[in-house]
file model-v2.cif (mmCIF, C-alpha atoms and all ligand atoms)
data_run
loop_
_atom_site.group_PDB
_atom_site.id
_atom_site.type_symbol
_atom_site.label_atom_id
_atom_site.label_comp_id
_atom_site.auth_asym_id
_atom_site.auth_seq_id
_atom_site.Cartn_x
_atom_site.Cartn_y
_atom_site.Cartn_z
ATOM 1 C CA MET A 1 1.860 -5.440 -22.458
ATOM 2 C CA ALA A 2 3.678 -8.563 -21.109
ATOM 3 C CA GLU A 3 5.927 -8.003 -18.094
ATOM 4 C CA HIS A 4 9.671 -8.400 -18.571
ATOM 5 C CA PRO A 5 11.134 -11.318 -16.590
ATOM 6 C CA TYR A 6 13.487 -10.425 -13.706
ATOM 7 C CA ILE A 7 16.574 -8.962 -15.388
ATOM 8 C CA PHE A 8 19.052 -11.491 -13.912
ATOM 9 C CA THR A 9 16.830 -14.532 -14.689
ATOM 10 C CA ASN A 10 19.272 -16.088 -17.133
ATOM 11 C CA SER A 11 22.404 -15.466 -15.093
ATOM 12 C CA GLN A 12 24.678 -18.412 -14.412
ATOM 13 C CA GLU A 13 24.019 -19.880 -10.976
ATOM 14 C CA VAL A 14 27.575 -19.460 -9.678
ATOM 15 C CA SER A 15 28.044 -15.890 -10.899
ATOM 16 C CA GLU A 16 24.602 -14.838 -9.634
ATOM 17 C CA LEU A 17 25.322 -16.293 -6.180
ATOM 18 C CA GLU A 18 28.667 -14.475 -6.172
ATOM 19 C CA ARG A 19 26.926 -11.197 -7.095
ATOM 20 C CA LEU A 20 24.250 -11.598 -4.411
ATOM 21 C CA GLN A 21 26.875 -12.437 -1.777
ATOM 22 C CA ALA A 22 28.894 -9.377 -2.829
ATOM 23 C CA ILE A 23 25.773 -7.213 -2.274
ATOM 24 C CA GLU A 24 25.371 -8.743 1.189
ATOM 25 C CA GLN A 25 28.992 -8.172 2.120
ATOM 26 C CA ILE A 26 28.892 -4.525 1.081
ATOM 27 C CA PHE A 27 25.454 -3.490 2.338
ATOM 28 C CA ASP A 28 24.395 -5.754 5.213
ATOM 29 C CA SER A 29 25.936 -3.647 7.989
ATOM 30 C CA ALA A 30 24.007 -0.516 6.822
ATOM 31 C CA THR A 31 20.835 -2.612 6.507
ATOM 32 C CA HIS A 32 21.288 -4.041 10.020
ATOM 33 C CA LYS A 33 21.538 -0.496 11.443
ATOM 34 C CA GLN A 34 18.375 0.645 9.669
ATOM 35 C CA ILE A 35 16.417 -2.411 10.776
ATOM 36 C CA GLN A 36 17.765 -2.275 14.343
ATOM 37 C CA ALA A 37 16.467 1.298 14.612
ATOM 38 C CA THR A 38 12.907 -0.106 14.333
ATOM 39 C CA GLY A 39 13.449 -1.936 17.646
ATOM 40 C CA ILE A 40 13.248 -5.419 16.057
ATOM 41 C CA SER A 41 13.211 -7.952 18.869
ATOM 42 C CA GLN A 42 12.146 -11.416 20.000
ATOM 43 C CA ASN A 43 8.753 -12.693 18.875
ATOM 44 C CA TRP A 44 8.428 -10.271 15.946
ATOM 45 C CA CYS A 45 6.900 -11.509 12.721
ATOM 46 C CA CYS A 46 8.957 -10.278 9.748
ATOM 47 C CA LEU A 47 8.652 -10.423 5.974
ATOM 48 C CA GLU A 48 11.811 -10.345 3.860
ATOM 49 C CA VAL A 49 10.849 -9.587 0.251
ATOM 50 C CA GLY A 50 13.327 -10.705 -2.442
ATOM 51 C CA ALA A 51 15.556 -12.572 0.014
ATOM 52 C CA GLY A 52 18.294 -13.257 -2.584
ATOM 53 C CA ALA A 53 21.101 -15.268 -0.952
ATOM 54 C CA GLY A 54 19.380 -14.982 2.424
ATOM 55 C CA SER A 55 21.725 -13.143 4.824
ATOM 56 C CA ILE A 56 19.078 -10.683 6.087
ATOM 57 C CA MET A 57 16.535 -13.476 6.439
ATOM 58 C CA ARG A 58 19.008 -15.471 8.600
ATOM 59 C CA TRP A 59 19.936 -12.393 10.638
ATOM 60 C CA MET A 60 16.274 -11.537 11.327
ATOM 61 C CA SER A 61 15.645 -15.175 12.286
ATOM 62 C CA SER A 62 18.379 -15.005 14.953
ATOM 63 C CA ILE A 63 16.860 -11.824 16.433
ATOM 64 C CA VAL A 64 13.179 -12.793 16.530
ATOM 65 C CA GLY A 65 14.012 -16.163 18.097
ATOM 66 C CA GLU A 66 11.827 -19.207 18.427
ATOM 67 C CA GLY A 67 8.773 -17.173 19.420
ATOM 68 C CA GLY A 68 9.044 -15.094 16.250
ATOM 69 C CA LYS A 69 8.808 -15.810 12.547
ATOM 70 C CA VAL A 70 10.449 -14.744 9.297
ATOM 71 C CA VAL A 71 8.677 -15.242 5.987
ATOM 72 C CA ALA A 72 11.146 -14.974 3.096
ATOM 73 C CA VAL A 73 9.738 -14.523 -0.402
ATOM 74 C CA ASP A 74 11.632 -14.684 -3.665
ATOM 75 C CA LEU A 75 10.858 -15.467 -7.284
ATOM 76 C CA ASP A 76 14.005 -17.566 -7.244
ATOM 77 C CA THR A 77 14.675 -19.497 -4.027
ATOM 78 C CA ARG A 78 17.546 -21.655 -5.316
ATOM 79 C CA PHE A 79 20.063 -19.972 -2.973
ATOM 80 C CA ILE A 80 17.948 -20.256 0.194
ATOM 81 C CA GLU A 81 15.841 -23.371 -0.196
ATOM 82 C CA ASN A 82 18.408 -25.521 1.617
ATOM 83 C CA ILE A 83 18.479 -23.250 4.656
ATOM 84 C CA HIS A 84 16.304 -24.920 7.282
ATOM 85 C CA LEU A 85 15.519 -22.759 10.290
ATOM 86 C CA ALA A 86 12.591 -23.513 12.604
ATOM 87 C CA ASN A 87 11.262 -19.943 12.553
ATOM 88 C CA VAL A 88 11.752 -19.279 8.813
ATOM 89 C CA GLU A 89 9.240 -19.992 6.074
ATOM 90 C CA ILE A 90 10.558 -19.741 2.528
ATOM 91 C CA LEU A 91 8.073 -19.007 -0.235
ATOM 92 C CA LYS A 92 8.938 -19.198 -3.920
ATOM 93 C CA ALA A 93 6.571 -16.568 -5.241
ATOM 94 C CA ASP A 94 6.160 -13.240 -6.948
ATOM 95 C CA ILE A 95 5.421 -10.652 -4.238
ATOM 96 C CA ARG A 96 2.834 -9.098 -6.579
ATOM 97 C CA GLN A 97 0.726 -12.266 -6.617
ATOM 98 C CA LEU A 98 1.374 -13.611 -3.136
ATOM 99 C CA GLN A 99 -1.604 -13.873 -0.792
ATOM 100 C CA LEU A 100 -0.634 -13.363 2.847
ATOM 101 C CA GLU A 101 -2.711 -12.312 5.826
ATOM 102 C CA GLU A 102 -3.234 -8.552 6.062
ATOM 103 C CA ASN A 103 -2.200 -6.675 9.233
ATOM 104 C CA SER A 104 0.046 -9.572 10.294
ATOM 105 C CA PHE A 105 3.691 -8.378 10.126
ATOM 106 C CA ASP A 106 5.664 -6.267 12.616
ATOM 107 C CA LEU A 107 8.342 -5.526 10.024
ATOM 108 C CA ILE A 108 8.719 -5.741 6.253
ATOM 109 C CA HIS A 109 12.077 -5.249 4.546
ATOM 110 C CA ALA A 110 13.161 -5.223 0.907
ATOM 111 C CA ARG A 111 16.492 -4.234 -0.612
ATOM 112 C CA TYR A 112 16.962 -3.767 -4.374
ATOM 113 C CA VAL A 113 13.670 -5.514 -5.178
ATOM 114 C CA LEU A 114 11.079 -2.829 -6.069
ATOM 115 C CA ILE A 115 13.474 -1.457 -8.707
ATOM 116 C CA HIS A 116 12.747 -4.655 -10.659
ATOM 117 C CA ILE A 117 8.989 -4.146 -10.514
ATOM 118 C CA SER A 118 7.399 -1.634 -12.897
ATOM 119 C CA ASP A 119 4.190 -1.389 -10.839
ATOM 120 C CA TYR A 120 6.158 -0.793 -7.647
ATOM 121 C CA GLU A 121 3.589 1.607 -6.193
ATOM 122 C CA SER A 122 0.827 -1.010 -6.088
ATOM 123 C CA THR A 123 3.344 -3.603 -4.834
ATOM 124 C CA LEU A 124 4.337 -1.253 -2.014
ATOM 125 C CA SER A 125 0.642 -0.641 -1.175
ATOM 126 C CA LYS A 126 0.156 -4.382 -0.975
ATOM 127 C CA MET A 127 3.152 -4.715 1.340
ATOM 128 C CA ILE A 128 1.774 -1.949 3.573
ATOM 129 C CA ALA A 129 -1.555 -3.805 3.815
ATOM 130 C CA LEU A 130 0.357 -6.799 5.244
ATOM 131 C CA LEU A 131 1.809 -4.662 8.068
ATOM 132 C CA LYS A 132 0.159 -4.503 11.471
ATOM 133 C CA PRO A 133 -0.947 -0.991 12.414
ATOM 134 C CA GLY A 134 2.197 0.552 13.937
ATOM 135 C CA GLY A 135 4.345 -1.990 12.044
ATOM 136 C CA TRP A 136 7.605 -0.980 10.385
ATOM 137 C CA ILE A 137 8.694 -0.953 6.772
ATOM 138 C CA VAL A 138 12.305 -0.555 5.638
ATOM 139 C CA ILE A 139 12.896 -0.239 1.894
ATOM 140 C CA GLU A 140 16.295 0.280 0.258
ATOM 141 C CA GLU A 141 16.447 1.019 -3.452
ATOM 142 C CA PRO A 142 19.108 2.308 -5.830
ATOM 143 C CA ASP A 143 19.365 5.689 -7.486
ATOM 144 C CA PHE A 144 21.338 5.263 -10.702
ATOM 145 C CA SER A 145 20.983 8.963 -11.576
ATOM 146 C CA ALA A 146 23.888 9.477 -9.135
ATOM 147 C CA ALA A 147 26.210 7.320 -11.310
ATOM 148 C CA ARG A 148 29.256 9.029 -12.800
ATOM 149 C CA ALA A 149 32.942 8.463 -13.407
ATOM 150 C CA ILE A 150 35.001 10.835 -11.260
ATOM 151 C CA ALA A 151 38.706 10.100 -11.828
ATOM 152 C CA GLY A 152 40.608 8.012 -14.343
ATOM 153 C CA SER A 153 41.871 8.544 -17.869
ATOM 154 C CA GLU A 154 39.593 10.700 -20.035
ATOM 155 C CA ALA A 155 38.903 7.755 -22.354
ATOM 156 C CA ALA A 156 38.086 5.399 -19.482
ATOM 157 C CA CYS A 157 35.750 7.929 -17.830
ATOM 158 C CA GLN A 158 33.917 8.421 -21.128
ATOM 159 C CA ALA A 159 33.537 4.654 -21.569
ATOM 160 C CA VAL A 160 32.192 4.325 -17.992
ATOM 161 C CA ASN A 161 29.687 7.100 -18.603
ATOM 162 C CA ARG A 162 28.565 5.429 -21.848
ATOM 163 C CA VAL A 163 27.984 2.206 -19.895
ATOM 164 C CA ASN A 164 26.044 4.247 -17.326
ATOM 165 C CA ARG A 165 23.826 5.524 -20.145
ATOM 166 C CA ALA A 166 23.368 1.935 -21.347
ATOM 167 C CA ILE A 167 22.286 0.989 -17.807
ATOM 168 C CA PHE A 168 19.672 3.816 -17.779
ATOM 169 C CA LYS A 169 18.391 2.777 -21.187
ATOM 170 C CA THR A 170 18.228 -0.928 -20.298
ATOM 171 C CA PHE A 171 16.205 -0.067 -17.211
ATOM 172 C CA LYS A 172 13.894 2.280 -19.089
ATOM 173 C CA SER A 173 13.218 -0.239 -21.858
ATOM 174 C CA ARG A 174 12.150 -2.713 -19.150
ATOM 175 C CA LYS A 175 10.009 -0.080 -17.380
ATOM 176 C CA MET A 176 12.338 -0.143 -14.389
ATOM 177 C CA ASP A 177 12.674 3.174 -12.592
ATOM 178 C CA TYR A 178 16.448 3.728 -12.511
ATOM 179 C CA ASP A 179 16.197 6.477 -9.874
ATOM 180 C CA LEU A 180 13.495 4.849 -7.759
ATOM 181 C CA GLY A 181 15.540 5.358 -4.585
ATOM 182 C CA ILE A 182 15.168 9.154 -4.541
ATOM 183 C CA LYS A 183 11.419 8.869 -5.138
ATOM 184 C CA LEU A 184 10.793 6.648 -2.115
ATOM 185 C CA PRO A 185 10.334 9.294 0.631
ATOM 186 C CA ALA A 186 7.589 11.140 -1.306
ATOM 187 C CA LEU A 187 5.981 7.833 -2.267
ATOM 188 C CA PHE A 188 5.914 6.715 1.368
ATOM 189 C CA GLN A 189 4.188 9.997 2.305
ATOM 190 C CA LYS A 190 1.684 9.596 -0.535
ATOM 191 C CA LEU A 191 0.819 6.104 0.726
ATOM 192 C CA GLY A 192 0.132 7.466 4.215
ATOM 193 C CA LEU A 193 3.180 6.070 6.017
ATOM 194 C CA GLU A 194 4.784 7.938 8.893
ATOM 195 C CA LEU A 195 8.401 8.547 7.871
ATOM 196 C CA GLN A 196 11.020 7.803 10.524
ATOM 197 C CA SER A 197 14.301 8.145 8.604
ATOM 198 C CA VAL A 198 15.722 8.695 5.150
ATOM 199 C CA GLU A 199 19.321 7.708 4.349
ATOM 200 C CA ASN A 200 21.039 8.515 1.084
ATOM 201 C CA ASN A 201 24.285 6.593 0.721
ATOM 202 C CA SER A 202 26.264 7.564 -2.347
ATOM 203 C CA PRO A 203 29.650 5.857 -1.997
ATOM 204 C CA LEU A 204 32.622 7.237 -3.889
ATOM 205 C CA SER A 205 34.370 3.980 -4.807
ATOM 206 C CA ASN A 206 37.664 3.130 -6.418
ATOM 207 C CA GLY A 207 38.575 0.161 -8.550
ATOM 208 C CA SER A 208 38.827 -3.177 -6.706
ATOM 209 C CA SER A 209 36.437 -1.985 -3.971
ATOM 210 C CA GLY A 210 33.378 -4.102 -3.210
ATOM 211 C CA VAL A 211 30.949 -1.822 -5.055
ATOM 212 C CA ALA A 212 33.174 -1.553 -8.166
ATOM 213 C CA ARG A 213 33.620 -5.334 -8.381
ATOM 214 C CA MET A 214 29.915 -6.005 -7.831
ATOM 215 C CA MET A 215 29.013 -3.575 -10.639
ATOM 216 C CA LYS A 216 31.608 -5.268 -12.855
ATOM 217 C CA MET A 217 29.834 -8.608 -12.184
ATOM 218 C CA SER A 218 26.487 -7.032 -13.152
ATOM 219 C CA ALA A 219 27.987 -5.549 -16.324
ATOM 220 C CA LEU A 220 29.370 -8.936 -17.370
ATOM 221 C CA GLN A 221 26.024 -10.639 -16.700
ATOM 222 C CA LEU A 222 24.033 -7.956 -18.540
ATOM 223 C CA LEU A 223 26.605 -7.239 -21.270
ATOM 224 C CA GLU A 224 24.354 -8.198 -24.178
ATOM 225 C CA LYS A 225 21.477 -6.094 -22.865
ATOM 226 C CA TYR A 226 23.750 -3.063 -22.443
ATOM 227 C CA ILE A 227 25.186 -3.412 -25.961
ATOM 228 C CA ALA A 228 21.658 -3.804 -27.394
ATOM 229 C CA THR A 229 20.796 -0.271 -26.186
ATOM 230 C CA GLY A 230 23.259 1.176 -28.720
ATOM 231 C CA GLU A 231 24.760 3.402 -25.997
ATOM 232 C CA ALA A 232 27.830 1.249 -25.221
ATOM 233 C CA THR A 233 30.033 -1.162 -27.136
ATOM 234 C CA GLN A 234 31.747 -4.378 -26.076
ATOM 235 C CA LYS A 235 34.969 -2.320 -25.843
ATOM 236 C CA ASP A 236 33.280 0.191 -23.489
ATOM 237 C CA ILE A 237 32.237 -2.669 -21.226
ATOM 238 C CA GLU A 238 35.779 -4.060 -21.272
ATOM 239 C CA GLN A 239 37.037 -0.604 -20.242
ATOM 240 C CA TYR A 240 34.365 -0.412 -17.536
ATOM 241 C CA CYS A 241 35.643 -3.739 -16.158
ATOM 242 C CA LEU A 242 39.287 -2.555 -16.197
ATOM 243 C CA PHE A 243 38.229 0.713 -14.514
ATOM 244 C CA ALA A 244 36.451 -1.331 -11.820
ATOM 245 C CA GLU A 245 39.771 -3.034 -10.991
ATOM 246 C CA ASP A 246 41.988 0.083 -11.146
ATOM 247 C CA GLN A 247 42.613 1.437 -7.646
ATOM 248 C CA THR A 248 43.342 4.912 -9.033
ATOM 249 C CA ALA A 249 40.000 5.108 -10.897
ATOM 250 C CA TRP A 250 37.101 6.571 -8.917
ATOM 251 C CA ALA A 251 33.375 6.635 -9.548
ATOM 252 C CA ILE A 252 29.979 6.832 -7.952
ATOM 253 C CA TYR A 253 28.455 3.646 -9.339
ATOM 254 C CA TYR A 254 25.032 4.391 -7.839
ATOM 255 C CA ALA A 255 23.493 5.578 -4.592
ATOM 256 C CA THR A 256 21.236 3.662 -2.225
ATOM 257 C CA VAL A 257 18.289 5.350 -0.544
ATOM 258 C CA GLY A 258 16.987 3.615 2.568
ATOM 259 C CA VAL A 259 13.659 4.730 3.980
ATOM 260 C CA THR A 260 12.126 3.601 7.272
ATOM 261 C CA ALA A 261 8.506 4.280 8.167
ATOM 262 C CA GLN A 262 5.611 3.103 10.288
ATOM 263 C CA LYS A 263 2.060 2.232 9.338
ATOM 264 C CA VAL A 264 -0.177 4.693 11.047
ATOM 265 C CA ILE A 265 -2.404 3.313 13.808
ATOM 266 C CA SER A 266 -5.888 4.496 12.897
HETATM 267 C C1 LIG B 1 19.230 -7.582 -6.574
HETATM 268 S S1 LIG B 1 18.576 -8.982 -5.767
HETATM 269 C C2 LIG B 1 18.661 -8.452 -4.065
HETATM 270 C C3 LIG B 1 18.649 -9.604 -3.091
HETATM 271 C C4 LIG B 1 18.593 -9.193 -1.608
HETATM 272 N N1 LIG B 1 17.389 -8.411 -1.333
HETATM 273 C C5 LIG B 1 19.821 -8.409 -1.207
HETATM 274 O O1 LIG B 1 19.779 -7.155 -1.252
HETATM 275 O O2 LIG B 1 20.842 -9.031 -0.842
HETATM 276 C C6 LIG B 1 16.841 -8.902 -6.099
HETATM 277 C C7 LIG B 1 16.078 -10.128 -5.577
HETATM 278 O O3 LIG B 1 14.675 -9.875 -5.709
HETATM 279 C C8 LIG B 1 14.052 -11.008 -6.292
HETATM 280 N N2 LIG B 1 12.848 -10.514 -6.983
HETATM 281 C C9 LIG B 1 12.779 -9.717 -8.085
HETATM 282 N N3 LIG B 1 11.498 -9.483 -8.427
HETATM 283 C C10 LIG B 1 10.726 -10.129 -7.501
HETATM 284 C C11 LIG B 1 9.310 -10.288 -7.324
HETATM 285 N N4 LIG B 1 8.452 -9.720 -8.166
HETATM 286 N N5 LIG B 1 8.863 -11.028 -6.280
HETATM 287 C C12 LIG B 1 9.753 -11.640 -5.429
HETATM 288 N N6 LIG B 1 11.100 -11.537 -5.564
HETATM 289 C C13 LIG B 1 11.586 -10.798 -6.580
HETATM 290 C C14 LIG B 1 15.113 -11.596 -7.207
HETATM 291 O O4 LIG B 1 14.856 -12.965 -7.509
HETATM 292 C C15 LIG B 1 16.387 -11.388 -6.369
HETATM 293 O O5 LIG B 1 16.626 -12.466 -5.489
#
call {"tool": "encode", "arguments": {"input": "model-v2.cif", "output": "structure tokens"}}
result
Amino acid sequence: MAEHPYIFTNSQEVSELERLQAIEQIFDSATHKQIQATGISQNWCCLEVGAGAGSIMRWMSSIVGEGGKVVAVDLDTRFIENIHLANVEILKADIRQLQLEENSFDLIHARYVLIHISDYESTLSKMIALLKPGGWIVIEEPDFSAARAIAGSEAACQAVNRVNRAIFKTFKSRKMDYDLGIKLPALFQKLGLELQSVENNSPLSNGSSGVARMMKMSALQLLEKYIATGEATQKDIEQYCLFAEDQTAWAIYYATVGVTAQKVIS
């Protein structure tokens, strides 16, 4: 069966950049901590998969210095192609088809990328093959099974939960694993990696917070897909957007599981 295109492919350039930058603002500090724990340092060779708007790519570039290298891969490089850094190589490619040298990277990182790939297990195996023995892999993926409205009017909470069901159904219809995050630790073990840490970050967020506004942006971009599931109406999505601005309305929009591991030296 033909693969679905990346779910945000038809998003408007400005709103997609805004959404990617919102993700960076909310999650980069947690990502920095997880990557720093690997010991990333000068001269490392790193692969950033699904670089998005490029903040982690730029940050890695500043750490590995001129003796190091960052390869940044994305299906859509429109937000990073004008960033020119001597130690960064930008590749417009699908990670599933990309041919890179095996055993050549000290560190591979991806955040919110494998969720978009139905054959994520073989993609992850391919990424592991690119790691040097003893190299590090840091993967952060969402777990939408954690999503639920917590506080707000009864009607608003019900509308939010209907939109959550529409999100699950949209993902499922595209063969995206909506709770991939919680499956990562066992998958890493199955693929022979040596686990170093597992973080499960499930923020309880109120309206107007970074997470709430970023999820509102996603809902507006994916509105037609959510309505097409039959689980949520246009009115539900309008309520979801109001809820995401209401400081007295609380929800877990989703959790993020971050897993760090090393490739075993055989
Ligand atoms: C939700 S965004 C996350 C961006 C960035 N990793 C971050 O967390 O700030 C997902 C990114 O992965 C890219 N992507 C999705 N599928 C991909 C694939 N098969 N190969 C390469 N990049 C992919 C998208 O183009 C997008 O830039």
call {"tool": "residues_near_ligand", "arguments": {"input": "model-v2.cif", "ligand": "ligand LIG 1 (chain B)", "cutoff": "8 Å", "atoms": "only C-alpha atoms and all ligand atoms", "output": "short mmCIF file (atom, residue, chain, number, x, y, z; two decimals) with C-alpha atoms, keeping the file's coordinate frame"}}
result
data_model
loop_
_atom_site.label_atom_id
_atom_site.label_comp_id
_atom_site.auth_asym_id
_atom_site.auth_seq_id
_atom_site.Cartn_x
_atom_site.Cartn_y
_atom_site.Cartn_z
CA TYR A 6 13.49 -10.42 -13.71
CA PHE A 8 19.05 -11.49 -13.91
CA THR A 9 16.83 -14.53 -14.69
CA LEU A 20 24.25 -11.60 -4.41
CA GLN A 21 26.88 -12.44 -1.78
CA ILE A 23 25.77 -7.21 -2.27
CA GLU A 24 25.37 -8.74 1.19
CA PHE A 27 25.45 -3.49 2.34
CA ASP A 28 24.40 -5.75 5.21
CA GLU A 48 11.81 -10.34 3.86
CA VAL A 49 10.85 -9.59 0.25
CA GLY A 50 13.33 -10.70 -2.44
CA ALA A 51 15.56 -12.57 0.01
CA GLY A 52 18.29 -13.26 -2.58
CA ALA A 53 21.10 -15.27 -0.95
CA GLY A 54 19.38 -14.98 2.42
CA SER A 55 21.72 -13.14 4.82
CA ILE A 56 19.08 -10.68 6.09
CA VAL A 73 9.74 -14.52 -0.40
CA ASP A 74 11.63 -14.68 -3.66
CA LEU A 75 10.86 -15.47 -7.28
CA ASP A 76 14.00 -17.57 -7.24
CA THR A 77 14.68 -19.50 -4.03
CA LYS A 92 8.94 -19.20 -3.92
CA ALA A 93 6.57 -16.57 -5.24
CA ASP A 94 6.16 -13.24 -6.95
CA ILE A 95 5.42 -10.65 -4.24
CA ARG A 96 2.83 -9.10 -6.58
CA ALA A 110 13.16 -5.22 0.91
CA ARG A 111 16.49 -4.23 -0.61
CA TYR A 112 16.96 -3.77 -4.37
CA VAL A 113 13.67 -5.51 -5.18
CA LEU A 114 11.08 -2.83 -6.07
CA HIS A 116 12.75 -4.66 -10.66
CA ILE A 117 8.99 -4.15 -10.51
#
call {"tool": "closest_residue", "arguments": {"input": "model-v2.cif", "among": "A:Glu89, A:Glu245, A:Glu141, A:Asp236", "to": "Tyr120 (chain A)", "atoms": "only C-alpha atoms"}}
result
A:Glu141
call {"tool": "closest_residue", "arguments": {"input": "model-v2.cif", "among": "A:Phe79, A:Trp250, A:Trp136, A:Trp59", "to": "Gly207 (chain A)", "atoms": "all atoms listed in the file"}}
result
A:Trp250
call {"tool": "atom_distance", "arguments": {"input": "model-v2.cif", "atom1": "CA of Gln262 (chain A)", "atom2": "CA of Met127 (chain A)"}}
result
12.1 Å
call {"tool": "resolve_selection", "arguments": {"input": "model-v2.cif", "expression": "the PyMOL selection byres (((chain A and resi 44) around 6) and not hetatm)", "output": "list in words"}}
result
Gln42, Asn43, Cys45, Val64, Gly68 and Asp106 of chain A
call {"tool": "resolve_selection", "arguments": {"input": "model-v2.cif", "expression": "the PyMOL selection byres (((chain A and resi 105) around 10) and not hetatm)", "output": "list in words"}}
result
Trp44, Cys45, Cys46, Leu47, Lys69, Val70, Val71, Leu100, Glu101, Glu102, Asn103, Ser104, Asp106, Leu107, Ile108, Met127, Ile128, Ala129, Leu130, Leu131, Lys132, Pro133, Gly134, Gly135, Trp136 and Ile137 of chain A
call {"tool": "write_last_selection", "arguments": {"input": "model-v2.cif", "atoms": "C-alpha atoms", "output": "tab-separated table (two decimals), in the coordinates of the input"}}
result
chain	number	residue	atom	x	y	z
A	44	TRP	CA	8.43	-10.27	15.95
A	45	CYS	CA	6.90	-11.51	12.72
A	46	CYS	CA	8.96	-10.28	9.75
A	47	LEU	CA	8.65	-10.42	5.97
A	69	LYS	CA	8.81	-15.81	12.55
A	70	VAL	CA	10.45	-14.74	9.30
A	71	VAL	CA	8.68	-15.24	5.99
A	100	LEU	CA	-0.63	-13.36	2.85
A	101	GLU	CA	-2.71	-12.31	5.83
A	102	GLU	CA	-3.23	-8.55	6.06
A	103	ASN	CA	-2.20	-6.68	9.23
A	104	SER	CA	0.05	-9.57	10.29
A	106	ASP	CA	5.66	-6.27	12.62
A	107	LEU	CA	8.34	-5.53	10.02
A	108	ILE	CA	8.72	-5.74	6.25
A	127	MET	CA	3.15	-4.72	1.34
A	128	ILE	CA	1.77	-1.95	3.57
A	129	ALA	CA	-1.56	-3.80	3.82
A	130	LEU	CA	0.36	-6.80	5.24
A	131	LEU	CA	1.81	-4.66	8.07
A	132	LYS	CA	0.16	-4.50	11.47
A	133	PRO	CA	-0.95	-0.99	12.41
A	134	GLY	CA	2.20	0.55	13.94
A	135	GLY	CA	4.34	-1.99	12.04
A	136	TRP	CA	7.60	-0.98	10.38
A	137	ILE	CA	8.69	-0.95	6.77
call {"tool": "resolve_selection", "arguments": {"input": "model-v2.cif", "expression": "the PyMOL selection byres (((chain A and resi 230) around 10) and not hetatm)", "output": "number ranges by chain"}}
result
A: 162, 165-166, 169, 225-229, 231-233
